[in-house]
file start.csv (CSV, C-alpha atoms and all ligand atoms)
chain,number,residue,atom,x,y,z
A,114,MET,CA,-6.1,12.0,28.7
A,115,LEU,CA,-5.5,9.6,25.7
A,116,ASN,CA,-3.3,10.2,22.8
A,117,LYS,CA,-5.6,12.2,20.5
A,118,ARG,CA,-3.7,11.3,17.3
A,119,MET,CA,-4.1,7.6,18.0
A,120,VAL,CA,-7.8,8.0,19.0
A,121,GLY,CA,-8.3,9.8,15.7
A,122,LEU,CA,-6.5,7.1,13.7
A,123,GLY,CA,-8.5,4.4,15.5
A,124,THR,CA,-11.9,5.9,15.0
A,125,GLN,CA,-11.7,7.5,11.5
A,126,ARG,CA,-13.4,5.2,9.1
A,127,SER,CA,-11.4,5.0,5.9
A,128,VAL,CA,-13.3,5.7,2.7
A,129,ILE,CA,-12.3,2.3,1.4
A,130,ARG,CA,-13.6,0.5,4.5
A,131,GLU,CA,-16.8,2.5,4.3
A,132,LEU,CA,-17.3,1.5,0.7
A,133,PHE,CA,-16.6,-2.1,1.6
A,134,GLU,CA,-19.4,-2.1,4.2
A,135,PHE,CA,-21.7,-0.4,1.8
A,136,GLY,CA,-20.9,-3.1,-0.8
A,137,LYS,CA,-21.9,-5.9,1.7
A,138,LYS,CA,-25.2,-4.1,2.4
A,139,ARG,CA,-25.9,-3.6,-1.2
A,140,ALA,CA,-25.1,-7.2,-2.1
A,141,ALA,CA,-27.7,-8.4,0.4
A,142,GLU,CA,-30.3,-6.2,-1.4
A,143,VAL,CA,-29.5,-6.8,-5.0
A,144,GLY,CA,-27.3,-9.9,-5.0
A,145,SER,CA,-23.6,-10.0,-4.9
A,146,GLU,CA,-23.3,-10.7,-8.6
A,147,ASN,CA,-24.8,-7.2,-9.3
A,148,VAL,CA,-22.3,-5.3,-7.1
A,149,PHE,CA,-19.0,-4.3,-8.8
A,150,ASP,CA,-16.7,-3.9,-5.9
A,151,PHE,CA,-13.4,-2.2,-7.1
A,152,SER,CA,-12.6,-0.8,-3.6
A,153,ILE,CA,-10.0,-3.0,-2.0
A,154,GLY,CA,-6.6,-4.1,-3.1
A,155,ASN,CA,-6.8,-7.6,-1.9
A,156,PRO,CA,-5.3,-10.0,-4.5
A,157,SER,CA,-8.0,-12.1,-6.1
A,158,VAL,CA,-5.9,-15.0,-7.2
A,159,PRO,CA,-4.7,-17.6,-4.7
A,160,ALA,CA,-1.1,-18.1,-3.7
A,161,PRO,CA,0.6,-20.9,-5.8
A,162,ASP,CA,0.2,-24.4,-4.5
A,163,ALA,CA,3.9,-24.5,-3.6
A,164,VAL,CA,3.2,-22.0,-0.8
A,165,ASN,CA,0.9,-24.4,1.1
A,166,GLU,CA,3.0,-27.4,0.2
A,167,THR,CA,6.1,-25.7,1.6
A,168,ALA,CA,4.3,-24.7,4.7
A,169,MET,CA,3.0,-28.2,5.3
A,170,ARG,CA,6.3,-29.8,4.6
A,171,LEU,CA,8.0,-27.4,7.0
A,172,ILE,CA,5.4,-28.2,9.7
A,173,ARG,CA,5.8,-32.0,9.1
A,174,GLU,CA,9.6,-32.0,8.9
A,175,THR,CA,10.9,-29.3,11.3
A,176,ASP,CA,11.3,-29.4,15.0
A,177,PRO,CA,8.3,-27.3,16.2
A,178,VAL,CA,10.2,-25.6,19.0
A,179,PHE,CA,12.5,-24.3,16.3
A,180,LEU,CA,9.9,-23.6,13.6
A,181,HIS,CA,7.5,-21.7,15.9
A,182,GLY,CA,10.2,-20.1,18.1
A,183,TYR,CA,11.6,-16.6,17.9
A,184,THR,CA,14.0,-16.0,15.1
A,185,SER,CA,16.8,-13.4,15.4
A,186,ALA,CA,15.3,-9.9,15.2
A,187,GLN,CA,16.5,-9.3,11.7
A,188,GLY,CA,15.1,-12.7,10.6
A,189,ASP,CA,16.1,-16.3,10.2
A,190,ALA,CA,19.7,-16.4,8.8
A,191,ALA,CA,19.1,-19.2,6.3
A,192,SER,CA,16.0,-17.5,5.0
A,193,ARG,CA,17.9,-14.2,4.6
A,194,GLU,CA,20.6,-16.0,2.7
A,195,LYS,CA,18.1,-17.4,0.3
A,196,ILE,CA,16.5,-14.0,-0.3
A,197,ALA,CA,20.0,-12.4,-0.8
A,198,ALA,CA,20.9,-15.1,-3.4
A,199,SER,CA,17.7,-14.3,-5.3
A,200,ILE,CA,18.5,-10.5,-5.3
A,201,ARG,CA,22.0,-11.3,-6.6
A,202,ARG,CA,20.7,-13.5,-9.3
A,203,ARG,CA,17.7,-11.4,-10.4
A,204,TYR,CA,19.2,-8.0,-10.3
A,205,ASP,CA,22.9,-8.7,-10.8
A,206,MET,CA,23.8,-6.8,-7.7
A,207,GLU,CA,25.7,-7.5,-4.5
A,208,ALA,CA,23.4,-8.5,-1.6
A,209,LYS,CA,24.3,-10.2,1.7
A,210,ALA,CA,22.1,-11.9,4.3
A,211,ASP,CA,23.3,-9.3,6.8
A,212,GLU,CA,21.9,-6.5,4.6
A,213,LEU,CA,18.4,-7.9,4.9
A,214,TYR,CA,15.9,-7.3,7.7
A,215,ILE,CA,12.8,-9.4,7.4
A,216,THR,CA,9.6,-7.4,8.3
A,217,VAL,CA,5.9,-7.7,9.0
A,218,GLY,CA,5.1,-6.7,5.4
A,219,ALA,CA,6.1,-3.6,3.5
A,220,ALA,CA,4.1,-1.5,6.0
A,221,ALA,CA,6.4,-2.4,8.8
A,222,GLY,CA,9.4,-2.1,6.5
A,223,LEU,CA,8.4,1.5,5.7
A,224,CYS,CA,7.8,2.3,9.4
A,225,CYS,CA,11.3,0.8,10.3
A,226,CYS,CA,13.0,2.9,7.6
A,227,LEU,CA,11.1,6.1,8.5
A,228,ASN,CA,11.6,5.8,12.2
A,229,GLY,CA,15.2,4.7,11.7
A,230,LEU,CA,16.1,7.6,9.4
A,231,CYS,CA,14.1,10.6,10.6
A,232,ASN,CA,14.6,13.0,13.4
A,233,PRO,CA,11.7,15.2,14.6
A,234,GLY,CA,10.8,17.8,11.9
A,235,ASP,CA,12.6,16.0,9.1
A,236,GLU,CA,10.8,16.0,5.8
A,237,VAL,CA,9.9,13.0,3.6
A,238,ILE,CA,8.8,13.6,0.0
A,239,VAL,CA,5.9,11.7,-1.5
A,240,PHE,CA,4.6,11.9,-5.0
A,241,ALA,CA,0.8,12.2,-5.6
A,242,PRO,CA,-1.1,10.1,-6.2
A,243,TYR,CA,0.1,8.2,-3.2
A,244,PHE,CA,-0.8,5.3,-0.8
A,245,PRO,CA,-2.6,7.2,2.0
A,246,GLU,CA,-0.9,5.2,4.8
A,247,TYR,CA,2.4,7.0,4.0
A,248,LYS,CA,1.2,10.1,5.8
A,249,VAL,CA,0.3,8.0,8.9
A,250,PHE,CA,3.7,6.3,8.8
A,251,ILE,CA,5.7,9.5,8.2
A,252,GLU,CA,3.9,11.4,11.0
A,253,GLY,CA,4.2,8.4,13.3
A,254,ALA,CA,8.0,8.8,12.8
A,255,GLY,CA,7.8,12.4,13.9
A,256,ALA,CA,8.5,13.6,10.4
A,257,VAL,CA,6.5,15.8,8.0
A,258,MET,CA,5.2,14.7,4.6
A,259,ARG,CA,5.9,17.0,1.6
A,260,LEU,CA,3.6,16.2,-1.2
A,261,ILE,CA,4.6,16.7,-4.8
A,262,PRO,CA,1.5,17.3,-7.0
A,263,ALA,CA,0.8,14.6,-9.6
A,264,ASP,CA,1.9,14.7,-13.2
A,265,VAL,CA,-1.6,13.8,-14.4
A,266,GLU,CA,-0.5,13.3,-18.0
A,267,ALA,CA,1.7,10.3,-17.4
A,268,PHE,CA,1.9,9.8,-13.6
A,269,GLN,CA,5.7,10.1,-13.8
A,270,ILE,CA,7.4,12.8,-11.7
A,271,ASP,CA,7.1,16.6,-11.9
A,272,PHE,CA,10.8,17.4,-11.5
A,273,GLU,CA,10.4,21.1,-11.2
A,274,ALA,CA,8.1,20.7,-8.3
A,275,LEU,CA,10.4,18.1,-6.8
A,276,SER,CA,13.5,20.4,-7.2
A,277,ASP,CA,11.6,23.2,-5.4
A,278,ALA,CA,10.5,21.0,-2.6
A,279,VAL,CA,13.9,19.5,-1.6
A,280,ASN,CA,15.6,21.4,1.2
A,281,GLU,CA,18.1,20.9,4.1
A,282,LYS,CA,15.4,19.1,6.1
A,283,THR,CA,14.7,16.5,3.3
A,284,LYS,CA,15.6,13.1,4.7
A,285,ALA,CA,14.0,10.7,2.2
A,286,VAL,CA,11.8,10.4,-0.9
A,287,ILE,CA,9.4,7.5,-1.1
A,288,VAL,CA,9.2,5.9,-4.5
A,289,ASN,CA,6.4,3.5,-5.2
A,290,SER,CA,6.6,1.9,-8.7
A,291,PRO,CA,4.5,0.1,-9.9
A,292,ASN,CA,2.3,2.5,-8.2
A,293,ASN,CA,-0.8,2.3,-6.0
A,294,PRO,CA,-3.1,3.9,-7.1
A,295,SER,CA,-2.1,4.9,-10.7
A,296,GLY,CA,-0.7,1.5,-11.7
A,297,CYS,CA,2.1,3.4,-13.5
A,298,VAL,CA,5.7,2.2,-13.6
A,299,TYR,CA,8.4,4.8,-13.4
A,300,SER,CA,10.5,4.6,-16.6
A,301,GLU,CA,14.3,4.2,-16.5
A,302,ALA,CA,14.6,7.9,-17.7
A,303,THR,CA,12.5,9.0,-14.7
A,304,ILE,CA,14.6,7.0,-12.2
A,305,LYS,CA,17.9,8.3,-13.8
A,306,LYS,CA,16.7,11.9,-13.6
A,307,LEU,CA,15.5,11.4,-10.0
A,308,SER,CA,18.8,9.9,-9.0
A,309,SER,CA,20.9,12.7,-10.5
A,310,LEU,CA,18.7,15.3,-8.9
A,311,LEU,CA,19.0,13.7,-5.5
A,312,GLU,CA,22.7,13.2,-5.8
A,313,GLU,CA,23.1,17.0,-6.6
A,314,LYS,CA,20.9,17.9,-3.7
A,315,SER,CA,22.6,15.5,-1.3
A,316,ALA,CA,25.9,17.1,-2.3
A,317,GLU,CA,24.5,20.6,-1.9
A,318,TYR,CA,23.2,20.0,1.7
A,319,GLY,CA,26.1,17.7,2.7
A,320,GLU,CA,23.8,14.9,3.9
A,321,PRO,CA,22.5,11.9,2.1
A,322,ILE,CA,18.9,12.0,0.9
A,323,PHE,CA,17.6,8.5,0.9
A,324,ILE,CA,15.2,6.9,-1.5
A,325,ILE,CA,12.8,4.4,0.2
A,326,ALA,CA,11.7,2.2,-2.7
A,327,ASP,CA,8.3,0.7,-1.7
A,328,GLU,CA,8.0,-2.3,-3.9
A,329,PRO,CA,5.1,-4.6,-3.1
A,330,TYR,CA,4.0,-4.6,-6.7
A,331,ARG,CA,7.4,-5.2,-8.3
A,332,GLU,CA,6.5,-8.4,-10.1
A,333,ILE,CA,3.1,-7.3,-11.2
A,334,ALA,CA,4.2,-5.5,-14.4
A,335,PHE,CA,2.6,-6.0,-17.9
A,336,ASP,CA,3.7,-6.2,-21.5
A,337,GLY,CA,7.1,-7.3,-20.3
A,338,THR,CA,7.7,-3.9,-18.7
A,339,VAL,CA,11.0,-3.8,-16.9
A,340,VAL,CA,10.7,-2.1,-13.5
A,341,PRO,CA,14.1,-0.4,-12.8
A,342,TYR,CA,15.8,-1.7,-9.7
A,343,ILE,CA,16.4,1.6,-8.0
A,344,PRO,CA,19.6,0.6,-5.9
A,345,LYS,CA,21.3,0.1,-9.3
A,346,TYR,CA,20.7,3.7,-10.1
A,347,TYR,CA,20.9,5.4,-6.7
A,348,LYS,CA,23.4,4.5,-4.0
A,349,ASN,CA,21.4,5.5,-1.0
A,350,THR,CA,18.3,3.4,-1.7
A,351,LEU,CA,16.5,1.3,0.9
A,352,VAL,CA,14.2,-1.3,-0.6
A,353,CYS,CA,11.0,-2.3,1.2
A,354,TYR,CA,9.6,-5.4,-0.4
A,355,SER,CA,6.6,-7.5,0.4
A,356,TRP,CA,5.0,-10.9,-0.5
A,357,SER,CA,1.5,-9.5,0.0
A,358,LYS,CA,0.6,-8.8,-3.6
A,359,SER,CA,2.9,-10.8,-5.9
A,360,LEU,CA,2.5,-14.0,-3.9
A,361,SER,CA,-1.1,-13.2,-2.7
A,362,LEU,CA,-0.1,-13.4,1.0
A,363,PRO,CA,-1.3,-10.1,2.5
A,364,GLY,CA,-2.6,-11.7,5.7
A,365,GLU,CA,0.7,-13.6,6.4
A,366,ARG,CA,2.5,-10.2,6.9
A,367,LEU,CA,5.9,-10.9,5.3
A,368,GLY,CA,8.4,-8.6,3.6
A,369,TYR,CA,11.9,-7.3,4.0
A,370,ILE,CA,14.1,-4.2,4.0
A,371,PHE,CA,17.2,-4.4,1.9
A,372,VAL,CA,20.0,-2.0,2.9
A,373,PRO,CA,22.6,-2.5,0.2
A,374,GLY,CA,26.2,-2.4,1.3
A,375,GLN,CA,26.7,0.6,-1.0
A,376,VAL,CA,24.6,2.9,1.3
A,377,THR,CA,26.5,5.6,3.1
A,378,ASP,CA,27.2,4.5,6.7
A,379,HIS,CA,25.5,1.2,5.7
A,380,GLU,CA,26.0,-0.5,9.1
A,381,LEU,CA,24.5,2.5,11.0
A,382,VAL,CA,21.6,2.8,8.7
A,383,TYR,CA,20.9,-1.0,9.0
A,384,ALA,CA,21.2,-0.7,12.8
A,385,ALA,CA,18.8,2.3,12.8
A,386,CYS,CA,16.2,0.3,10.9
A,387,ALA,CA,16.7,-2.7,13.3
A,388,GLY,CA,16.5,-0.3,16.3
A,389,ALA,CA,13.2,1.1,14.9
A,390,GLY,CA,11.8,-2.4,14.6
A,391,ARG,CA,12.8,-3.0,18.2
A,392,SER,CA,11.3,0.2,19.4
A,393,LEU,CA,8.1,-0.4,17.5
A,394,GLY,CA,7.8,-3.9,19.2
A,395,TYR,CA,8.0,-6.0,16.0
A,396,VAL,CA,10.4,-8.5,17.7
A,397,ASN,CA,10.6,-10.6,14.5
A,398,ALA,CA,8.5,-11.3,11.5
A,399,PRO,CA,6.3,-14.5,11.6
A,400,SER,CA,8.7,-17.4,11.9
A,401,LEU,CA,7.0,-20.1,9.7
A,402,PHE,CA,6.3,-17.7,6.8
A,403,GLN,CA,9.8,-16.3,6.8
A,404,ARG,CA,10.9,-19.8,5.8
A,405,VAL,CA,8.0,-20.3,3.4
A,406,CYS,CA,8.6,-17.0,1.6
A,407,ALA,CA,12.3,-17.6,1.4
A,408,GLU,CA,11.7,-21.0,-0.2
A,409,CYS,CA,9.2,-19.5,-2.7
A,410,VAL,CA,11.1,-16.3,-3.3
A,411,GLU,CA,11.1,-16.6,-7.1
A,412,LEU,CA,7.4,-17.6,-7.4
A,413,THR,CA,4.4,-15.5,-8.0
A,414,SER,CA,0.7,-16.3,-8.0
A,415,ASP,CA,-1.0,-16.3,-11.5
A,416,ILE,CA,-0.9,-12.6,-12.1
A,417,SER,CA,-1.9,-12.9,-15.7
A,418,ILE,CA,-5.6,-12.2,-14.8
A,419,TYR,CA,-4.7,-8.7,-13.7
A,420,GLU,CA,-3.3,-8.0,-17.2
A,421,THR,CA,-6.4,-9.4,-18.8
A,422,ASN,CA,-8.6,-7.2,-16.6
A,423,ARG,CA,-6.4,-4.2,-17.3
A,424,ASN,CA,-6.7,-4.7,-21.1
A,425,LEU,CA,-10.4,-5.2,-20.9
A,426,LEU,CA,-11.1,-2.2,-18.7
A,427,VAL,CA,-8.7,0.3,-20.4
A,428,LYS,CA,-10.3,-0.4,-23.8
A,429,GLY,CA,-13.8,-0.6,-22.4
A,430,LEU,CA,-13.5,2.7,-20.4
A,431,ARG,CA,-11.8,4.6,-23.2
A,432,ASP,CA,-14.6,3.5,-25.6
A,433,LEU,CA,-17.1,4.9,-23.2
A,434,GLY,CA,-15.2,8.3,-23.2
A,435,TYR,CA,-13.2,7.9,-20.0
A,436,HIS,CA,-9.7,9.3,-19.9
A,437,VAL,CA,-7.3,6.6,-18.6
A,438,VAL,CA,-3.5,6.5,-18.4
A,439,GLU,CA,-2.7,2.9,-19.2
A,440,PRO,CA,-1.2,1.2,-16.1
A,441,GLY,CA,2.0,-0.7,-16.6
A,442,GLY,CA,1.4,-2.9,-13.6
A,443,THR,CA,-0.3,-3.5,-10.3
A,444,PHE,CA,-4.1,-4.1,-10.2
A,445,TYR,CA,-5.1,-0.5,-10.0
A,446,MET,CA,-6.0,2.1,-12.6
A,447,PHE,CA,-6.7,5.8,-12.0
A,448,PRO,CA,-9.0,7.3,-14.6
A,449,ARG,CA,-10.2,10.9,-14.6
A,450,THR,CA,-13.7,11.4,-13.2
A,451,LEU,CA,-16.3,12.8,-15.6
A,452,ILE,CA,-16.8,15.8,-13.3
A,453,GLU,CA,-14.3,17.7,-11.3
A,454,ASP,CA,-15.7,16.6,-7.9
A,455,ASP,CA,-14.4,13.0,-7.6
A,456,VAL,CA,-16.1,12.5,-4.3
A,457,ALA,CA,-19.6,13.3,-5.8
A,458,PHE,CA,-18.7,11.2,-8.8
A,459,CYS,CA,-17.9,8.1,-6.7
A,460,GLU,CA,-21.0,8.7,-4.6
A,461,LYS,CA,-23.1,8.7,-7.8
A,462,ALA,CA,-21.3,5.6,-9.0
A,463,ARG,CA,-22.9,3.8,-6.1
A,464,ASP,CA,-26.3,4.2,-7.7
A,465,PHE,CA,-25.1,1.9,-10.4
A,466,ASN,CA,-23.6,-0.5,-7.8
A,467,LEU,CA,-20.0,0.6,-8.8
A,468,LEU,CA,-17.7,0.9,-5.8
A,469,ILE,CA,-14.8,3.1,-6.8
A,470,VAL,CA,-12.6,5.2,-4.6
A,471,PRO,CA,-12.2,9.0,-4.9
A,472,GLY,CA,-8.8,10.3,-5.9
A,473,THR,CA,-8.8,13.0,-3.2
A,474,GLY,CA,-7.7,10.5,-0.6
A,475,PHE,CA,-4.7,9.7,-2.7
A,476,GLY,CA,-3.8,13.4,-3.0
A,477,CYS,CA,-5.1,13.7,-6.6
A,478,PRO,CA,-8.6,15.0,-7.0
A,479,GLY,CA,-10.5,14.6,-10.3
A,480,HIS,CA,-9.6,10.9,-10.5
A,481,THR,CA,-10.9,7.6,-9.1
A,482,ARG,CA,-9.1,4.4,-8.2
A,483,ILE,CA,-10.4,1.2,-9.7
A,484,SER,CA,-8.9,-1.8,-8.0
A,485,TYR,CA,-9.4,-4.5,-10.6
A,486,CYS,CA,-8.3,-7.6,-8.7
A,487,VAL,CA,-11.7,-9.2,-9.4
A,488,PRO,CA,-12.8,-12.1,-11.5
A,489,THR,CA,-12.6,-11.1,-15.2
A,490,GLU,CA,-16.3,-11.7,-15.8
A,491,VAL,CA,-17.0,-9.1,-13.1
A,492,ALA,CA,-14.8,-6.6,-14.8
A,493,GLU,CA,-16.5,-7.4,-18.1
A,494,ARG,CA,-20.0,-6.9,-16.7
A,495,SER,CA,-19.1,-3.7,-14.9
A,496,LEU,CA,-18.7,-1.9,-18.2
A,497,ASP,CA,-22.5,-1.7,-18.5
A,498,ALA,CA,-22.5,0.1,-15.1
A,499,PHE,CA,-19.7,2.4,-16.2
A,500,ALA,CA,-21.7,3.2,-19.4
A,501,LYS,CA,-24.8,4.1,-17.3
A,502,LEU,CA,-22.6,6.3,-15.1
A,503,ALA,CA,-21.2,8.1,-18.2
A,504,ASP,CA,-24.7,8.5,-19.6
A,505,PHE,CA,-25.8,10.2,-16.5
A,506,TYR,CA,-23.3,12.9,-17.0
A,507,ARG,CA,-24.0,13.4,-20.7
B,601,LIG,N1,2.8,0.1,0.0
B,601,LIG,C1,1.8,0.2,-0.9
B,601,LIG,C2,1.9,1.1,-2.1
B,601,LIG,C3,0.6,-0.6,-0.8
B,601,LIG,O1,-0.3,-0.5,-1.7
B,601,LIG,C4,0.5,-1.5,0.4
B,601,LIG,C5,-0.7,-2.3,0.6
B,601,LIG,O2,-1.7,-2.1,-0.1
B,601,LIG,C6,1.6,-1.5,1.3
B,601,LIG,C7,2.7,-0.7,1.1
B,601,LIG,C8,1.6,-2.4,2.5
B,601,LIG,O3,1.7,-3.7,2.1
B,601,LIG,P1,2.0,-4.9,3.1
B,601,LIG,O4,0.8,-5.7,3.1
B,601,LIG,O5,3.2,-5.6,2.6
B,601,LIG,O6,2.2,-4.3,4.5
call {"tool": "encode", "arguments": {"input": "start.csv", "output": "structure tokens"}}
result
Amino acid sequence: MLNKRMVGLGTQRSVIRELFEFGKKRAAEVGSENVFDFSIGNPSVPAPDAVNETAMRLIRETDPVFLHGYTSAQGDAASREKIAASIRRRYDMEAKADELYITVGAAAGLCCCLNGLCNPGDEVIVFAPYFPEYKVFIEGAGAVMRLIPADVEAFQIDFEALSDAVNEKTKAVIVNSPNNPSGCVYSEATIKKLSSLLEEKSAEYGEPIFIIADEPYREIAFDGTVVPYIPKYYKNTLVCYSWSKSLSLPGERLGYIFVPGQVTDHELVYAACAGAGRSLGYVNAPSLFQRVCAECVELTSDISIYETNRNLLVKGLRDLGYHVVEPGGTFYMFPRTLIEDDVAFCEKARDFNLLIVPGTGFGCPGHTRISYCVPTEVAERSLDAFAKLADFYR
């Protein structure tokens, strides 16, 4: 008898993957230039040249036995020191190499935190709309996901619902800002209010409630928006960072967990994350790219195209009558669908070669995710298809 949950996870086709396959089929029929694929969150701009140059220099100049060998489980010490120095400099906050644990992307970082923190039956709070893998990761850690309904007016936090949901089983709250799929950035006021609520609740239940700050989009923020650095507001924050999006390296699988020294029982929490990494079989994150990312830690790819696309699509869609909350970052937006049934709406959109993802999978029906990491001329031309879709419902 196989593990049913795993068989289910391995065989269920995700809506996004299904759309992607449909897009390939459609492109063969009508030409790829006529298909507007807004389904997948794969960065559309290349990593900066410095990434390849650094990789090649390291390959040329470093002893290969060392470069391609195992690193310590928490990551190469010199690389962790470089990352810690960058955190100190950028966020004006204490950070030590021994507070960093380098991971196989943010996904592994989240799994290490969740497995390290949670006991069976613990609850982890997630705000809708949310990255669907959270449910898989939380349940994989033996915990239960508690979903807080979306604040659809601004995609900030519904504090009344949050306050009602926290209880003695709450172990952690996942905060993802800038957010996939809404693109919204939690304001400083939201983070302050969240911090004081969780401080009160931690005191009431006599156990820390952790914030897991999932931050793969931290640098992709527009109009000079400052994304609050949550450990500066809330002591018991674990940061899961990734170079997948800001440096356009999703396939290299690199990120880190930062467990600041201020966290209650810091050494035990760090050990629990490391123990989870061990138990999940990660061994260590890819060795070459630990060094590359540490050397390129302050760089990003040219993310200005995402802001150009955001401006063009927000204006274009609003002119067509769509309701869109303006994203402050990422390369996603999450407009309302023109009918209540978002699944039917996205199905109809296919008739106009528009590939957009129903909000239902993100815990927020009545919306659709547009992933606009595409060339700007594709975003521009797609407005005609969005117009035809709107006309259909008029
Ligand atoms: N968290 C969010 C919100 C994401 O959107 C993604 C990837 O799309 C991840 C985590 C996982 O990122 P990584 O490639 O770093 O594992």
call {"tool": "residues_near_ligand", "arguments": {"input": "start.csv", "ligand": "ligand LIG 601 (chain B)", "cutoff": "9 Å", "atoms": "all atoms listed in the file", "output": "PDB file with C-alpha atoms, keeping the file's coordinate frame"}}
result
ATOM      1  CA  ILE A 153     -10.000  -3.000  -2.000  1.00  0.00           C
ATOM      2  CA  GLY A 154      -6.600  -4.100  -3.100  1.00  0.00           C
ATOM      3  CA  ASN A 155      -6.800  -7.600  -1.900  1.00  0.00           C
ATOM      4  CA  THR A 216       9.600  -7.400   8.300  1.00  0.00           C
ATOM      5  CA  VAL A 217       5.900  -7.700   9.000  1.00  0.00           C
ATOM      6  CA  GLY A 218       5.100  -6.700   5.400  1.00  0.00           C
ATOM      7  CA  ALA A 219       6.100  -3.600   3.500  1.00  0.00           C
ATOM      8  CA  ALA A 220       4.100  -1.500   6.000  1.00  0.00           C
ATOM      9  CA  ALA A 221       6.400  -2.400   8.800  1.00  0.00           C
ATOM     10  CA  GLY A 222       9.400  -2.100   6.500  1.00  0.00           C
ATOM     11  CA  LEU A 223       8.400   1.500   5.700  1.00  0.00           C
ATOM     12  CA  TYR A 243       0.100   8.200  -3.200  1.00  0.00           C
ATOM     13  CA  PHE A 244      -0.800   5.300  -0.800  1.00  0.00           C
ATOM     14  CA  PRO A 245      -2.600   7.200   2.000  1.00  0.00           C
ATOM     15  CA  GLU A 246      -0.900   5.200   4.800  1.00  0.00           C
ATOM     16  CA  TYR A 247       2.400   7.000   4.000  1.00  0.00           C
ATOM     17  CA  ASN A 289       6.400   3.500  -5.200  1.00  0.00           C
ATOM     18  CA  SER A 290       6.600   1.900  -8.700  1.00  0.00           C
ATOM     19  CA  PRO A 291       4.500   0.100  -9.900  1.00  0.00           C
ATOM     20  CA  ASN A 292       2.300   2.500  -8.200  1.00  0.00           C
ATOM     21  CA  ASN A 293      -0.800   2.300  -6.000  1.00  0.00           C
ATOM     22  CA  PRO A 294      -3.100   3.900  -7.100  1.00  0.00           C
ATOM     23  CA  ASP A 327       8.300   0.700  -1.700  1.00  0.00           C
ATOM     24  CA  GLU A 328       8.000  -2.300  -3.900  1.00  0.00           C
ATOM     25  CA  PRO A 329       5.100  -4.600  -3.100  1.00  0.00           C
ATOM     26  CA  TYR A 330       4.000  -4.600  -6.700  1.00  0.00           C
ATOM     27  CA  CYS A 353      11.000  -2.300   1.200  1.00  0.00           C
ATOM     28  CA  TYR A 354       9.600  -5.400  -0.400  1.00  0.00           C
ATOM     29  CA  SER A 355       6.600  -7.500   0.400  1.00  0.00           C
ATOM     30  CA  TRP A 356       5.000 -10.900  -0.500  1.00  0.00           C
ATOM     31  CA  SER A 357       1.500  -9.500   0.000  1.00  0.00           C
ATOM     32  CA  LYS A 358       0.600  -8.800  -3.600  1.00  0.00           C
ATOM     33  CA  LEU A 362      -0.100 -13.400   1.000  1.00  0.00           C
ATOM     34  CA  PRO A 363      -1.300 -10.100   2.500  1.00  0.00           C
ATOM     35  CA  GLY A 364      -2.600 -11.700   5.700  1.00  0.00           C
ATOM     36  CA  GLU A 365       0.700 -13.600   6.400  1.00  0.00           C
ATOM     37  CA  ARG A 366       2.500 -10.200   6.900  1.00  0.00           C
ATOM     38  CA  LEU A 367       5.900 -10.900   5.300  1.00  0.00           C
ATOM     39  CA  GLY A 368       8.400  -8.600   3.600  1.00  0.00           C
ATOM     40  CA  TYR A 369      11.900  -7.300   4.000  1.00  0.00           C
TER      41      TYR A 369
END
call {"tool": "closest_residue", "arguments": {"input": "start.csv", "among": "A:Val158, A:Leu468, A:Leu311, A:Val298", "to": "A:Ser417", "atoms": "all atoms listed in the file"}}
result
A:Val158
call {"tool": "residues_around", "arguments": {"input": "start.csv", "residues": "stretch 265-267 of chain A", "least_positions_apart": "5", "cutoff": "10 Å", "atoms": "only C-alpha atoms", "output": "ChimeraX atom specification"}}
result
/A:241-242,295,297-299,437-440,447-449,477,479-480
call {"tool": "residues_near_point", "arguments": {"input": "start.csv", "point": "(15.4, 10.1, -13.0)", "cutoff": "12 Å", "atoms": "all atoms listed in the file", "output": "list of chain:residue names"}}
result
A:Gln269, A:Ile270, A:Asp271, A:Phe272, A:Leu275, A:Ser276, A:Val288, A:Tyr299, A:Ser300, A:Glu301, A:Ala302, A:Thr303, A:Ile304, A:Lys305, A:Lys306, A:Leu307, A:Ser308, A:Ser309, A:Leu310, A:Leu311, A:Glu312, A:Ile324, A:Pro341, A:Ile343, A:Tyr346, A:Tyr347
call {"tool": "write_last_selection", "arguments": {"input": "start.csv", "atoms": "C-alpha atoms", "output": "CSV table (one decimal), keeping the file's coordinate frame"}}
result
chain,number,residue,atom,x,y,z
A,269,GLN,CA,5.7,10.1,-13.8
A,270,ILE,CA,7.4,12.8,-11.7
A,271,ASP,CA,7.1,16.6,-11.9
A,272,PHE,CA,10.8,17.4,-11.5
A,275,LEU,CA,10.4,18.1,-6.8
A,276,SER,CA,13.5,20.4,-7.2
A,288,VAL,CA,9.2,5.9,-4.5
A,299,TYR,CA,8.4,4.8,-13.4
A,300,SER,CA,10.5,4.6,-16.6
A,301,GLU,CA,14.3,4.2,-16.5
A,302,ALA,CA,14.6,7.9,-17.7
A,303,THR,CA,12.5,9.0,-14.7
A,304,ILE,CA,14.6,7.0,-12.2
A,305,LYS,CA,17.9,8.3,-13.8
A,306,LYS,CA,16.7,11.9,-13.6
A,307,LEU,CA,15.5,11.4,-10.0
A,308,SER,CA,18.8,9.9,-9.0
A,309,SER,CA,20.9,12.7,-10.5
A,310,LEU,CA,18.7,15.3,-8.9
A,311,LEU,CA,19.0,13.7,-5.5
A,312,GLU,CA,22.7,13.2,-5.8
A,324,ILE,CA,15.2,6.9,-1.5
A,341,PRO,CA,14.1,-0.4,-12.8
A,343,ILE,CA,16.4,1.6,-8.0
A,346,TYR,CA,20.7,3.7,-10.1
A,347,TYR,CA,20.9,5.4,-6.7
